[in-house]
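J.: Structure file model_13.cif (mmCIF, C-alpha atoms and all ligand atoms) is given on the next line.
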data_entry
loop_
_atom_site.label_atom_id
_atom_site.label_comp_id
_atom_site.auth_asym_id
_atom_site.auth_seq_id
_atom_site.Cartn_x
_atom_site.Cartn_y
_atom_site.Cartn_z
CA MET A 24 19.51 18.85 38.58
CA ILE A 25 15.93 19.52 39.75
CA ALA A 26 13.31 17.06 38.53
CA THR A 27 9.95 18.80 38.14
CA ILE A 28 6.81 16.68 38.26
CA ASP A 29 4.00 17.23 35.76
CA SER A 30 1.23 16.78 38.31
CA ALA A 31 -1.63 17.58 35.89
CA ARG A 32 -0.47 14.91 33.45
CA LEU A 33 -0.04 12.38 36.23
CA SER A 34 -3.59 13.04 37.53
CA THR A 35 -5.01 12.66 34.02
CA GLU A 36 -3.17 9.38 33.53
CA LEU A 37 -4.40 8.07 36.90
CA ALA A 38 -7.95 8.96 35.85
CA THR A 39 -7.55 7.22 32.50
CA LEU A 40 -6.13 4.13 34.16
CA ALA A 41 -9.10 4.12 36.58
CA SER A 42 -11.46 4.02 33.60
CA PHE A 43 -10.30 0.45 32.87
CA SER A 44 -12.62 -1.08 35.42
CA GLU A 45 -15.12 -3.89 35.66
CA THR A 46 -17.32 -1.77 37.94
CA PRO A 47 -18.64 1.77 37.40
CA PRO A 48 -16.78 4.77 38.89
CA PRO A 49 -15.72 5.69 41.45
CA ALA A 50 -15.17 1.98 42.12
CA VAL A 51 -12.28 0.29 40.36
CA THR A 52 -12.22 -3.48 39.87
CA ARG A 53 -9.41 -4.87 37.73
CA ILE A 54 -8.79 -8.56 38.13
CA VAL A 55 -5.53 -9.94 36.83
CA PHE A 56 -5.64 -11.19 33.21
CA GLY A 57 -9.25 -10.00 32.83
CA GLU A 58 -10.12 -7.78 29.88
CA MET A 59 -9.71 -4.57 31.90
CA ASP A 60 -6.34 -5.64 33.27
CA LEU A 61 -5.13 -6.38 29.74
CA ARG A 62 -6.42 -3.02 28.47
CA ALA A 63 -4.79 -1.22 31.41
CA ARG A 64 -1.51 -2.99 30.63
CA ALA A 65 -1.73 -1.97 26.97
CA TYR A 66 -2.36 1.66 27.99
CA LEU A 67 0.63 1.62 30.34
CA GLU A 68 2.91 -0.04 27.80
CA ALA A 69 2.04 2.67 25.27
CA LEU A 70 3.03 5.31 27.85
CA PHE A 71 6.28 3.46 28.58
CA ALA A 72 7.11 3.36 24.86
CA GLU A 73 6.25 7.05 24.46
CA ALA A 74 8.88 7.77 27.14
CA SER A 75 11.41 5.82 25.01
CA LEU A 76 11.60 2.98 27.52
CA ALA A 77 12.33 -0.50 26.22
CA VAL A 78 9.55 -2.86 27.34
CA ARG A 79 9.86 -6.59 28.07
CA GLU A 80 7.48 -9.07 29.69
CA ASP A 81 8.13 -12.32 31.52
CA ALA A 82 6.11 -15.53 31.57
CA VAL A 83 3.75 -14.41 34.33
CA GLY A 84 3.23 -10.98 32.79
CA ASN A 85 5.55 -8.90 34.97
CA THR A 86 6.34 -6.01 32.64
CA VAL A 87 9.62 -4.11 32.79
CA ALA A 88 10.29 -0.74 31.15
CA ARG A 89 13.98 0.11 30.97
CA TRP A 90 15.77 3.42 30.77
CA PRO A 91 19.33 2.44 29.87
CA GLY A 92 22.07 3.93 31.99
CA ARG A 93 25.51 5.18 30.98
CA ASN A 94 26.86 1.89 32.21
CA PRO A 95 24.18 -0.61 31.14
CA LYS A 96 26.21 -3.55 32.49
CA LEU A 97 25.67 -2.46 36.11
CA PRO A 98 22.68 -3.95 37.95
CA PRO A 99 19.86 -1.44 37.50
CA VAL A 100 17.90 0.44 40.12
CA ALA A 101 14.21 -0.50 39.98
CA THR A 102 10.92 0.98 40.99
CA GLY A 103 7.29 -0.01 40.33
CA SER A 104 4.12 -1.45 41.75
CA HIS A 105 0.89 -3.08 40.52
CA CYS A 106 -2.18 -2.08 38.55
CA ASP A 107 -4.59 -4.88 39.46
CA ALA A 108 -7.36 -3.85 41.86
CA ILE A 109 -9.52 -5.91 44.20
CA PRO A 110 -13.32 -5.85 43.70
CA ASN A 111 -14.81 -2.46 44.56
CA ALA A 112 -11.44 -0.78 45.12
CA GLY A 113 -10.18 2.75 44.51
CA ARG A 114 -7.90 4.23 41.87
CA PHE A 115 -4.67 4.88 43.79
CA ASP A 116 -3.56 1.55 45.31
CA GLY A 117 -0.59 0.38 43.24
CA THR A 118 -1.24 2.72 40.33
CA VAL A 119 0.48 5.65 42.07
CA GLY A 120 3.65 3.56 42.18
CA VAL A 121 3.41 2.65 38.49
CA LEU A 122 2.43 6.00 36.99
CA GLY A 123 4.39 7.90 39.66
CA GLY A 124 7.40 5.76 38.76
CA LEU A 125 6.92 6.60 35.10
CA GLU A 126 6.54 10.32 35.83
CA ALA A 127 9.65 10.23 38.04
CA ILE A 128 11.61 8.80 35.09
CA ARG A 129 10.12 11.34 32.67
CA ALA A 130 10.94 14.18 35.08
CA LEU A 131 14.55 12.99 35.29
CA GLN A 132 14.68 12.76 31.49
CA ARG A 133 13.30 16.30 31.14
CA ALA A 134 15.87 17.55 33.64
CA GLY A 135 18.61 16.15 31.39
CA PHE A 136 19.71 13.55 33.94
CA GLN A 137 21.65 10.64 32.53
CA PRO A 138 21.78 7.81 35.07
CA ARG A 139 24.93 5.74 35.45
CA ARG A 140 22.91 2.63 36.27
CA SER A 141 19.87 1.78 34.17
CA ILE A 142 16.54 2.54 35.82
CA GLU A 143 13.76 -0.04 35.42
CA LEU A 144 10.06 0.40 36.09
CA VAL A 145 8.35 -2.87 37.00
CA LEU A 146 4.61 -3.47 36.61
CA PHE A 147 4.06 -6.52 38.83
CA THR A 148 1.43 -9.14 38.01
CA SER A 149 -1.33 -9.80 40.54
CA GLU A 150 -0.20 -8.12 43.71
CA GLU A 151 -3.78 -8.70 44.80
CA PRO A 152 -4.86 -12.25 45.72
CA THR A 153 -8.33 -11.95 44.19
CA ARG A 154 -8.04 -14.33 41.27
CA PHE A 155 -5.55 -16.98 42.34
CA GLY A 156 -5.91 -16.72 46.13
CA ILE A 157 -2.34 -15.61 46.80
CA GLY A 158 -0.96 -12.07 46.78
CA CYS A 159 2.21 -10.82 45.07
CA LEU A 160 2.19 -13.56 42.45
CA GLY A 161 4.61 -11.77 40.13
CA SER A 162 7.08 -10.60 42.77
CA ARG A 163 6.98 -13.97 44.57
CA LEU A 164 8.07 -15.65 41.34
CA LEU A 165 10.74 -12.99 40.70
CA ALA A 166 12.15 -13.61 44.18
CA GLY A 167 11.97 -17.40 43.89
CA ALA A 168 9.46 -17.46 46.78
CA LEU A 169 6.85 -19.47 44.87
CA ASP A 170 7.48 -22.83 43.26
CA PRO A 171 6.87 -22.70 39.49
CA SER A 172 4.54 -25.71 39.91
CA ALA A 173 2.05 -23.05 41.06
CA GLY A 174 1.28 -22.71 37.35
CA GLU A 175 -0.66 -25.95 37.63
CA THR A 176 -1.78 -25.88 41.27
CA LEU A 177 -3.17 -22.34 41.42
CA ALA A 178 -6.51 -22.05 39.68
CA SER A 179 -9.34 -19.67 38.98
CA ASN A 180 -12.81 -21.00 38.16
CA GLY A 181 -11.42 -24.40 37.22
CA GLN A 182 -8.67 -23.00 34.98
CA SER A 183 -5.03 -23.31 36.02
CA LEU A 184 -2.77 -20.25 36.25
CA ASN A 185 -0.91 -21.65 33.24
CA GLN A 186 -4.11 -21.82 31.20
CA VAL A 187 -5.24 -18.33 32.24
CA ARG A 188 -1.88 -16.65 31.62
CA GLY A 189 -1.52 -18.51 28.31
CA ALA A 190 -4.91 -17.23 27.15
CA ALA A 191 -3.77 -13.72 28.10
CA GLY A 192 -0.68 -14.13 25.90
CA PHE A 193 1.91 -14.89 28.58
CA THR A 194 3.64 -18.15 27.79
CA GLY A 195 7.01 -19.62 28.63
CA ALA A 196 8.27 -21.36 31.76
CA LEU A 197 7.41 -19.85 35.14
CA ALA A 198 10.81 -21.08 36.35
CA ASP A 199 12.39 -18.48 34.05
CA VAL A 200 10.69 -15.60 35.90
CA ARG A 201 13.06 -15.93 38.87
CA LEU A 202 15.79 -13.30 39.17
CA ALA A 203 19.18 -14.00 40.69
CA PRO A 204 19.92 -12.04 43.86
CA GLY A 205 21.92 -8.99 42.80
CA SER A 206 19.94 -8.51 39.58
CA TYR A 207 18.90 -5.12 40.95
CA SER A 208 21.12 -2.83 43.00
CA ALA A 209 18.06 -1.31 44.71
CA PHE A 210 14.26 -1.38 44.61
CA VAL A 211 12.05 1.54 45.72
CA GLU A 212 8.25 1.48 45.65
CA LEU A 213 5.97 4.52 45.92
CA HIS A 214 2.54 3.76 47.45
CA ILE A 215 -0.31 5.38 49.31
CA GLU A 216 -0.07 4.75 53.04
CA GLN A 217 -3.43 2.92 53.27
CA GLY A 218 -3.51 4.03 56.91
CA PRO A 219 -4.32 7.26 58.76
CA LEU A 220 -1.03 8.28 60.36
CA LEU A 221 0.52 10.64 57.79
CA GLU A 222 -2.68 12.60 57.27
CA ARG A 223 -3.43 12.76 60.99
CA ASP A 224 0.03 14.05 61.86
CA ARG A 225 0.27 16.26 58.73
CA ILE A 226 3.45 14.54 57.52
CA ASP A 227 4.30 14.62 53.80
CA ILE A 228 6.16 11.32 53.46
CA GLY A 229 6.35 8.01 55.30
CA VAL A 230 9.71 6.29 55.04
CA VAL A 231 8.97 2.60 55.40
CA THR A 232 11.37 0.66 57.57
CA ALA A 233 9.64 -2.76 57.62
CA ILE A 234 6.69 -4.58 56.07
CA ALA A 235 4.41 -6.74 58.25
CA ALA A 236 4.25 -10.52 57.91
CA PRO A 237 1.11 -11.67 56.04
CA ALA A 238 -0.49 -15.10 56.20
CA SER A 239 -3.66 -16.45 54.68
CA LEU A 240 -5.55 -19.67 54.99
CA ARG A 241 -8.72 -21.35 53.89
CA VAL A 242 -11.13 -23.07 56.27
CA ILE A 243 -13.58 -25.58 54.82
CA VAL A 244 -16.42 -26.74 57.03
CA ASP A 245 -18.56 -29.72 56.11
CA GLY A 246 -21.77 -30.13 58.10
CA GLU A 247 -25.12 -31.62 57.28
CA GLY A 248 -27.57 -29.96 54.91
CA GLY A 249 -31.30 -30.39 54.77
CA HIS A 250 -34.71 -28.77 54.60
CA ALA A 251 -34.88 -25.41 56.44
CA GLY A 252 -38.36 -26.19 57.70
CA ALA A 253 -38.01 -29.84 58.51
CA VAL A 254 -34.64 -30.34 60.23
CA LEU A 255 -35.20 -29.67 63.94
CA MET A 256 -32.81 -27.26 65.62
CA PRO A 257 -31.28 -29.77 68.09
CA ASP A 258 -30.46 -32.08 65.17
CA ARG A 259 -28.58 -29.55 63.06
CA HIS A 260 -24.92 -29.49 62.03
CA ASP A 261 -25.08 -26.18 60.15
CA ALA A 262 -21.79 -25.59 58.31
CA PHE A 263 -22.30 -21.82 58.11
CA LEU A 264 -22.92 -21.43 61.84
CA ALA A 265 -19.81 -23.47 62.57
CA ALA A 266 -17.87 -21.22 60.18
CA ALA A 267 -19.35 -18.16 61.90
CA ASP A 268 -18.13 -19.50 65.25
CA ILE A 269 -14.66 -19.93 63.74
CA ALA A 270 -14.70 -16.38 62.29
CA LEU A 271 -15.54 -14.98 65.72
CA ALA A 272 -12.76 -17.04 67.30
CA ILE A 273 -10.35 -15.62 64.70
CA GLU A 274 -11.32 -12.09 65.68
CA ALA A 275 -10.87 -12.97 69.36
CA ALA A 276 -7.44 -14.49 68.68
CA ALA A 277 -6.21 -11.32 66.96
CA ARG A 278 -7.65 -9.03 69.63
CA GLY A 279 -6.27 -11.34 72.30
CA THR A 280 -2.64 -10.50 71.54
CA GLY A 281 -3.33 -7.00 72.84
CA ALA A 282 -1.07 -5.59 70.10
CA VAL A 283 -2.39 -2.97 67.70
CA ASP A 284 -0.26 -4.52 64.94
CA THR A 285 -2.05 -7.89 65.05
CA VAL A 286 -4.93 -7.97 62.55
CA ALA A 287 -7.11 -10.78 61.24
CA THR A 288 -9.88 -10.62 58.66
CA THR A 289 -12.35 -13.17 57.33
CA GLY A 290 -12.98 -11.53 53.96
CA VAL A 291 -14.61 -14.43 52.11
CA CYS A 292 -17.45 -16.66 53.27
CA GLU A 293 -19.05 -18.95 50.72
CA VAL A 294 -22.05 -21.02 51.73
CA PHE A 295 -23.25 -24.13 49.88
CA PRO A 296 -25.83 -24.67 48.48
CA GLY A 297 -26.73 -21.03 49.16
CA ALA A 298 -30.52 -21.29 49.24
CA ILE A 299 -32.73 -19.56 51.80
CA ASN A 300 -34.64 -22.73 52.57
CA SER A 301 -31.66 -25.07 52.82
CA VAL A 302 -29.47 -25.69 55.87
CA PRO A 303 -25.88 -24.97 54.74
CA SER A 304 -23.98 -28.21 54.26
CA ARG A 305 -20.63 -26.60 53.47
CA ALA A 306 -18.97 -23.26 54.16
CA ARG A 307 -15.63 -21.87 53.11
CA LEU A 308 -13.78 -19.04 54.79
CA ASP A 309 -10.74 -17.23 53.42
CA VAL A 310 -8.80 -15.65 56.26
CA ASP A 311 -6.00 -13.06 56.32
CA VAL A 312 -3.76 -12.68 59.40
CA ARG A 313 -0.89 -10.20 59.76
CA ASP A 314 1.53 -8.82 62.27
CA ILE A 315 4.87 -7.07 62.21
CA ASP A 316 5.97 -9.64 64.83
CA LEU A 317 6.31 -13.07 63.26
CA ALA A 318 6.00 -15.08 66.49
CA ARG A 319 2.86 -13.19 67.47
CA ARG A 320 1.37 -13.71 63.98
CA ASP A 321 2.11 -17.41 64.26
CA SER A 322 0.52 -17.57 67.71
CA VAL A 323 -2.73 -16.35 66.11
CA LEU A 324 -2.45 -19.04 63.42
CA ALA A 325 -2.04 -21.64 66.17
CA ALA A 326 -5.07 -20.25 68.03
CA ILE A 327 -7.13 -20.54 64.83
CA GLY A 328 -6.15 -24.21 64.59
CA ARG A 329 -7.33 -24.78 68.16
CA ALA A 330 -10.60 -22.92 67.49
CA CYS A 331 -11.27 -25.19 64.49
CA ASP A 332 -10.80 -28.30 66.69
CA ASP A 333 -13.11 -26.87 69.32
CA VAL A 334 -15.90 -26.01 66.86
CA LYS A 335 -15.54 -29.41 65.21
CA ALA A 336 -16.17 -31.15 68.53
CA ARG A 337 -18.92 -28.81 69.69
CA ARG A 338 -20.96 -28.70 66.49
CA GLY A 339 -20.34 -32.16 65.05
CA VAL A 340 -18.90 -30.89 61.76
CA ARG A 341 -15.73 -31.65 59.81
CA VAL A 342 -13.22 -28.80 59.50
CA ARG A 343 -10.29 -28.70 57.09
CA LEU A 344 -7.71 -25.96 57.41
CA GLU A 345 -5.57 -25.22 54.34
CA PRO A 346 -2.65 -22.79 54.79
CA ILE A 347 -2.15 -20.64 51.67
CA ASN A 348 0.87 -18.55 52.63
CA ALA A 349 2.72 -17.53 55.78
CA ASP A 350 5.43 -15.07 54.87
CA PRO A 351 7.98 -13.48 57.18
CA PRO A 352 8.17 -9.68 57.49
CA ALA A 353 10.68 -7.72 55.42
CA GLN A 354 13.18 -5.16 56.66
CA CYS A 355 13.89 -2.20 54.42
CA ALA A 356 17.56 -1.57 53.64
CA ARG A 357 19.30 1.15 55.65
CA GLN A 358 20.82 2.69 52.50
CA ILE A 359 17.39 3.06 50.82
CA VAL A 360 15.75 4.43 53.98
CA ASP A 361 18.57 6.99 54.25
CA ALA A 362 18.34 7.92 50.55
CA ILE A 363 14.57 8.52 50.84
CA ALA A 364 14.99 10.59 54.01
CA ALA A 365 17.75 12.66 52.37
CA ALA A 366 15.51 13.28 49.34
CA CYS A 367 12.72 14.49 51.65
CA ASP A 368 15.12 16.82 53.47
CA ALA A 369 16.41 18.28 50.21
CA ARG A 370 12.82 19.04 49.12
CA ARG A 371 11.95 20.33 52.61
CA LEU A 372 9.24 17.71 52.97
CA SER A 373 8.41 16.42 56.42
CA HIS A 374 8.88 12.69 56.92
CA ARG A 375 8.71 9.96 59.53
CA PRO A 376 9.74 6.33 59.66
CA MET A 377 6.85 3.87 59.67
CA ILE A 378 6.03 0.24 59.19
CA SER A 379 3.75 -0.97 56.43
CA ARG A 380 0.92 -3.10 57.74
CA ALA A 381 -0.28 -3.71 54.19
CA TYR A 382 1.88 -5.98 52.05
CA HIS A 383 3.44 -4.92 48.79
CA ASP A 384 5.64 -6.33 46.06
CA SER A 385 8.51 -4.81 48.08
CA LEU A 386 7.98 -7.63 50.60
CA PHE A 387 9.44 -10.01 48.02
CA MET A 388 11.78 -7.64 46.19
CA ALA A 389 13.48 -7.15 49.58
CA ARG A 390 14.61 -10.79 49.32
CA ILE A 391 16.69 -10.14 46.22
CA ALA A 392 17.64 -6.47 46.47
CA PRO A 393 18.05 -3.73 49.05
CA ALA A 394 14.49 -2.36 49.11
CA GLY A 395 12.52 0.53 50.52
CA MET A 396 9.15 2.25 50.20
CA ILE A 397 7.89 5.82 50.03
CA PHE A 398 4.42 6.34 51.52
CA ILE A 399 2.18 9.32 50.87
CA PRO A 400 -0.92 10.30 52.86
CA CYS A 401 -4.36 9.20 51.71
CA ARG A 402 -7.63 10.67 52.92
CA GLY A 403 -8.83 9.16 56.18
CA GLY A 404 -6.38 6.30 55.67
CA VAL A 405 -9.03 4.73 53.44
CA SER A 406 -8.00 2.05 50.94
CA HIS A 407 -9.53 -0.98 49.20
CA ARG A 408 -12.67 1.17 48.86
CA PRO A 409 -14.03 3.33 46.02
CA ASP A 410 -13.57 6.50 48.10
CA GLU A 411 -9.80 5.94 48.38
CA TYR A 412 -8.17 9.33 47.66
CA ALA A 413 -4.72 10.86 47.53
CA SER A 414 -4.38 14.53 46.57
CA PRO A 415 -2.43 15.58 43.46
CA GLU A 416 -0.05 17.49 45.80
CA ALA A 417 0.63 14.40 47.91
CA ILE A 418 1.21 12.32 44.77
CA ALA A 419 3.52 14.98 43.34
CA HIS A 420 5.53 15.09 46.57
CA GLY A 421 5.90 11.32 46.59
CA THR A 422 6.92 11.35 42.95
CA GLU A 423 9.51 14.08 43.53
CA VAL A 424 11.00 12.07 46.37
CA LEU A 425 10.99 8.95 44.20
CA ALA A 426 12.73 10.79 41.33
CA ASP A 427 15.43 12.13 43.63
CA THR A 428 15.89 8.77 45.35
CA LEU A 429 16.22 6.97 42.01
CA ALA A 430 18.71 9.60 40.84
CA SER A 431 20.83 9.21 43.95
CA LEU A 432 20.76 5.40 43.80
CA ALA A 433 21.44 5.25 40.05
CA GLY A 434 24.31 7.76 40.26
C1 LIG B 1 -2.41 -5.59 49.59
O1 LIG B 1 -3.27 -5.21 48.84
C2 LIG B 1 -2.71 -5.98 50.92
O2 LIG B 1 -3.76 -6.65 51.11
O3 LIG B 1 -1.97 -5.61 51.84
MN MN B 2 -4.28 -3.51 47.56
MN MN B 3 -1.00 -1.97 46.64
#
Here is the file; what I need is its structure written in the form of structure tokens.

T.:
Amino acid sequence: MIATIDSARLSTELATLASFSETPPPAVTRIVFGEMDLRARAYLEALFAEASLAVREDAVGNTVARWPGRNPKLPPVATGSHCDAIPNAGRFDGTVGVLGGLEAIRALQRAGFQPRRSIELVLFTSEEPTRFGIGCLGSRLLAGALDPSAGETLASNGQSLNQVRGAAGFTGALADVRLAPGSYSAFVELHIEQGPLLERDRIDIGVVTAIAAPASLRVIVDGEGGHAGAVLMPDRHDAFLAAADIALAIEAAARGTGAVDTVATTGVCEVFPGAINSVPSRARLDVDVRDIDLARRDSVLAAIGRACDDVKARRGVRVRLEPINADPPAQCARQIVDAIAAACDARRLSHRPMISRAYHDSLFMARIAPAGMIFIPCRGGVSHRPDEYASPEAIAHGTEVLADTLASLAG
């Protein structure tokens, strides 16, 4: 059985999916439960139905398309990824794993393959943290890694997650989203590398062996506002400048580990009241810290805490630090890593083991199923930018490897 990928169709579908965007091309912005996200979901569901897959949705909007196996009672093999996109993103992050997963299933169908286990394609809700401040919302709930009370505590513009998902048509109890361990016999996610290594070394496929540990936190600084002309410099307690000091200390803490795998980013800075002639009275930072080594990641979090105390004392401001998440890394399962490597060998595609420094829904699926990831090269390692690009050949190679891996795992 040789599964042949329809690369032209896959490229066209990726382009169509990219057209559901809140920003003009080439940028893609698709915020969870926004109009474009809902239209993208409807487009994908129509494609799933066209491939004769049975579609179901859970209370948070995770959408599952099922190809029944010869023995439908066995735990299925699953694949999938996300279709939400951060502001000003590209068209390949997540979508390659969704549409590539669909094309892998269609290619297996065309080849006449009849899987023993069912194969399920999962479209995860809100892998990106943009709207509710925490990444992997759907897969966290599936894995039981997020308390269902998050429906009331997580909010977007004053509306709770429960209100927002309800308005989007996703009702029911979040507690029911959770899957029992063993619900899937395996999970495999196809994704662009989002780093430069495969392209640089001219390698077709990255076989992911582990996913780095992400943490995020919010820092709220309260200082003293006032008139930009009248408050004398020695008297100031500028909340933005205190936040800027903290952001620089965060950079220093990450660099200070000396490890290339330690990264920290202050990606959000909001200043209140945000007027040119007003000394900032409040500033908010949202901070992302990651490392493949959990202890080293946590040492950076501790250093950030110390930096906040220092700035508080030095600048006479109040600083509140709110942890959002601090997740451990995930190890990919030996059997999935081996199955992906064997699929690459059979297709004569070069491959290398690698860690994922980005997080993915696989981070949480690995808690309830043996999991693994297939990476493909992307130009310049660029991601989370409009110029993100993966070639049709690279996508086809990844999809071939996914199809063969699913076939071998489903039997
Ligand atoms: C996922 O988008 C990540 O930030 O790693
Ligand atoms: Mn992303
Ligand atoms: Mn992604």

J.: Determine, using all atoms listed in the file, which residues of region 148-179 of chain A have any atom at most 10 Å from an atom of region 186-199 of chain A, and tabulate each with its shortest atom pair and distance in Å to one decimal place, rows ordered by chain and then rising number, as a Markdown table.

T.:
| residue | atom | partner | partner_atom | distance |
| --- | --- | --- | --- | --- |
| A:Gly161 | CA | A:Leu197 | CA | 9.9 |
| A:Leu164 | CA | A:Leu197 | CA | 7.5 |
| A:Leu165 | CA | A:Asp199 | CA | 8.8 |
| A:Gly167 | CA | A:Ala198 | CA | 8.5 |
| A:Leu169 | CA | A:Ala198 | CA | 9.5 |
| A:Asp170 | CA | A:Ala198 | CA | 7.9 |
| A:Pro171 | CA | A:Leu197 | CA | 5.2 |
| A:Ser172 | CA | A:Leu197 | CA | 8.1 |
| A:Ala173 | CA | A:Leu197 | CA | 8.6 |
| A:Gly174 | CA | A:Leu197 | CA | 7.1 |
| A:Glu175 | CA | A:Gln186 | CA | 8.4 |
| A:Ala178 | CA | A:Val187 | CA | 8.4 |
| A:Ser179 | CA | A:Val187 | CA | 8.0 |

J.: Please provide as a PyMOL selection string all residues within 9 Å of Ala267 (chain A), with the sequence filter that same-chain residues fewer than 5 positions apart are discarded (counting all atoms listed in the file).

T.: chain A and resi 262+272+292

J.: Write the residues of the selection above to a file with C-alpha atoms, as a PDB file, in the coordinates of the input.

T.:
ATOM      1  CA  ALA A 262     -21.790 -25.590  58.310  1.00  0.00           C
ATOM      2  CA  ALA A 272     -12.760 -17.040  67.300  1.00  0.00           C
ATOM      3  CA  CYS A 292     -17.450 -16.660  53.270  1.00  0.00           C
TER       4      CYS A 292
END

J.: Env of His383 (chain A): 8 Å cut, atoms = all atoms listed in the file, seq-sep filter 4 positions within chain, self excluded. Answer as an MDAnalysis selection string.

T.: chainID A and resid 104 150 159 234 387

J.: Would you pick out the contacts of region 359-362 of chain A at 9 Å or less, using all atoms listed in the file, so that residues sharing its chain but fewer than 2 positions from it are not included, and give the list as a short mmCIF file (atom, residue, chain, number, x, y, z; two decimals) with C-alpha atoms, in the frame of the given file?

T.:
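And here's out_15.cif as it stands now:
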data_model
loop_
_atom_site.label_atom_id
_atom_site.label_comp_id
_atom_site.auth_asym_id
_atom_site.auth_seq_id
_atom_site.Cartn_x
_atom_site.Cartn_y
_atom_site.Cartn_z
CA ALA A 209 18.06 -1.31 44.71
CA PHE A 210 14.26 -1.38 44.61
CA VAL A 211 12.05 1.54 45.72
CA VAL A 230 9.71 6.29 55.04
CA VAL A 231 8.97 2.60 55.40
CA THR A 232 11.37 0.66 57.57
CA CYS A 355 13.89 -2.20 54.42
CA ALA A 356 17.56 -1.57 53.64
CA ARG A 357 19.30 1.15 55.65
CA ALA A 364 14.99 10.59 54.01
CA ALA A 365 17.75 12.66 52.37
CA ALA A 366 15.51 13.28 49.34
CA CYS A 367 12.72 14.49 51.65
CA PRO A 376 9.74 6.33 59.66
CA PRO A 393 18.05 -3.73 49.05
CA ALA A 394 14.49 -2.36 49.11
CA GLY A 395 12.52 0.53 50.52
CA MET A 396 9.15 2.25 50.20
CA ILE A 397 7.89 5.82 50.03
CA ASP A 427 15.43 12.13 43.63
CA THR A 428 15.89 8.77 45.35
CA LEU A 429 16.22 6.97 42.01
CA SER A 431 20.83 9.21 43.95
CA LEU A 432 20.76 5.40 43.80
#

J.: Could the residues of chain A that have an atom at most 8 Å from ligand MN 3 (chain B) be listed as CSV, each with its closest atom pair and the distance in Å to one decimal, counting all atoms listed in the file and ordered by chain and ascending residue number?

T.:
residue,atom,partner,partner_atom,distance
A:Ser104,CA,B:MN3,MN,7.1
A:His105,CA,B:MN3,MN,6.5
A:Asp116,CA,B:MN3,MN,4.6
A:Gly117,CA,B:MN3,MN,4.2
A:Thr118,CA,B:MN3,MN,7.9
A:Glu150,CA,B:MN3,MN,6.9
A:Glu151,CA,B:MN3,MN,7.5
A:His214,CA,B:MN3,MN,6.8
A:Ile215,CA,B:MN3,MN,7.9
A:Ala381,CA,B:MN3,MN,7.8
A:Tyr382,CA,B:MN3,MN,7.3
A:His383,CA,B:MN3,MN,5.7
A:Asp384,CA,B:MN3,MN,8.0

J.: Using only C-alpha atoms and all ligand atoms, find each residue with an atom at most 12 Å away from ligand LIG 1 (chain B) and format the answer as an MDAnalysis selection string.

T.: chainID A and resid 104:110 112:113 115:118 149:153 156:160 214:218 234:239 286:288 290 310:314 379:386 406:408

J.: Between CA of Ala306 (chain A) and CA of Ala330 (chain A), what is the distance, to one decimal in Å?

T.: 15.7 Å

J.: Quick one: of A:Glu411, A:Glu222, A:Ala251, A:Ala77, who's nearest to ligand MN 2 (chain B), counting all atoms listed in the file?

T.: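 For ligand MN 2 (chain B), the nearest of the given residues is A:Glu411.
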
J.: Please provide as a VMD selection string all residues within 8 Å of Phe263 (chain A), with the sequence filter that same-chain residues fewer than 4 positions apart are discarded (counting all atoms listed in the file).

T.: chain A and resid 244 267 294 303 to 306

J.: Find the residue from A:Leu221, A:Ala325, A:Leu344, A:Val334 that sits nearest to Ala266 (chain A); use all atoms listed in the file when measuring.

T.: A:Val334

J.: Considering all atoms listed in the file, state which residue in the set A:Gly84, A:Gly135, A:Gly120, A:Pro91 is at the smallest distance from ligand MN 2 (chain B).

T.: A:Gly120

J.: Have a look at CA of Ala130 (chain A) and CA of Met388 (chain A) and let me know their distance in Å, one decimal.

T.: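 CA of Met388 (chain A) lies at a distance of 24.5 Å from CA of Ala130 (chain A).
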
J.: If I only have part of region 291-296 of chain A, can you fill in N, CA, C and O atoms and write it as an mmCIF file, in the coordinates of the input?

T.:
data_model
loop_
_atom_site.group_PDB
_atom_site.id
_atom_site.type_symbol
_atom_site.label_atom_id
_atom_site.label_comp_id
_atom_site.auth_asym_id
_atom_site.auth_seq_id
_atom_site.Cartn_x
_atom_site.Cartn_y
_atom_site.Cartn_z
ATOM 1 N N VAL A 291 -13.794 -13.625 53.044
ATOM 2 C CA VAL A 291 -14.610 -14.430 52.110
ATOM 3 C C VAL A 291 -15.354 -15.470 52.922
ATOM 4 O O VAL A 291 -14.773 -16.153 53.771
ATOM 5 N N CYS A 292 -16.659 -15.571 52.690
ATOM 6 C CA CYS A 292 -17.450 -16.660 53.270
ATOM 7 C C CYS A 292 -18.394 -17.157 52.187
ATOM 8 O O CYS A 292 -19.266 -16.413 51.739
ATOM 9 N N GLU A 293 -18.170 -18.366 51.744
ATOM 10 C CA GLU A 293 -19.050 -18.950 50.720
ATOM 11 C C GLU A 293 -19.865 -20.047 51.371
ATOM 12 O O GLU A 293 -19.313 -20.894 52.092
ATOM 13 N N VAL A 294 -21.161 -20.046 51.101
ATOM 14 C CA VAL A 294 -22.050 -21.020 51.730
ATOM 15 C C VAL A 294 -22.677 -21.889 50.637
ATOM 16 O O VAL A 294 -23.141 -21.366 49.626
ATOM 17 N N PHE A 295 -22.683 -23.187 50.853
ATOM 18 C CA PHE A 295 -23.250 -24.130 49.880
ATOM 19 C C PHE A 295 -24.449 -24.847 50.510
ATOM 20 O O PHE A 295 -24.361 -25.227 51.684
ATOM 21 N N PRO A 296 -25.554 -25.039 49.873
ATOM 22 C CA PRO A 296 -25.830 -24.670 48.480
ATOM 23 C C PRO A 296 -26.264 -23.229 48.287
ATOM 24 O O PRO A 296 -26.473 -22.801 47.159
#
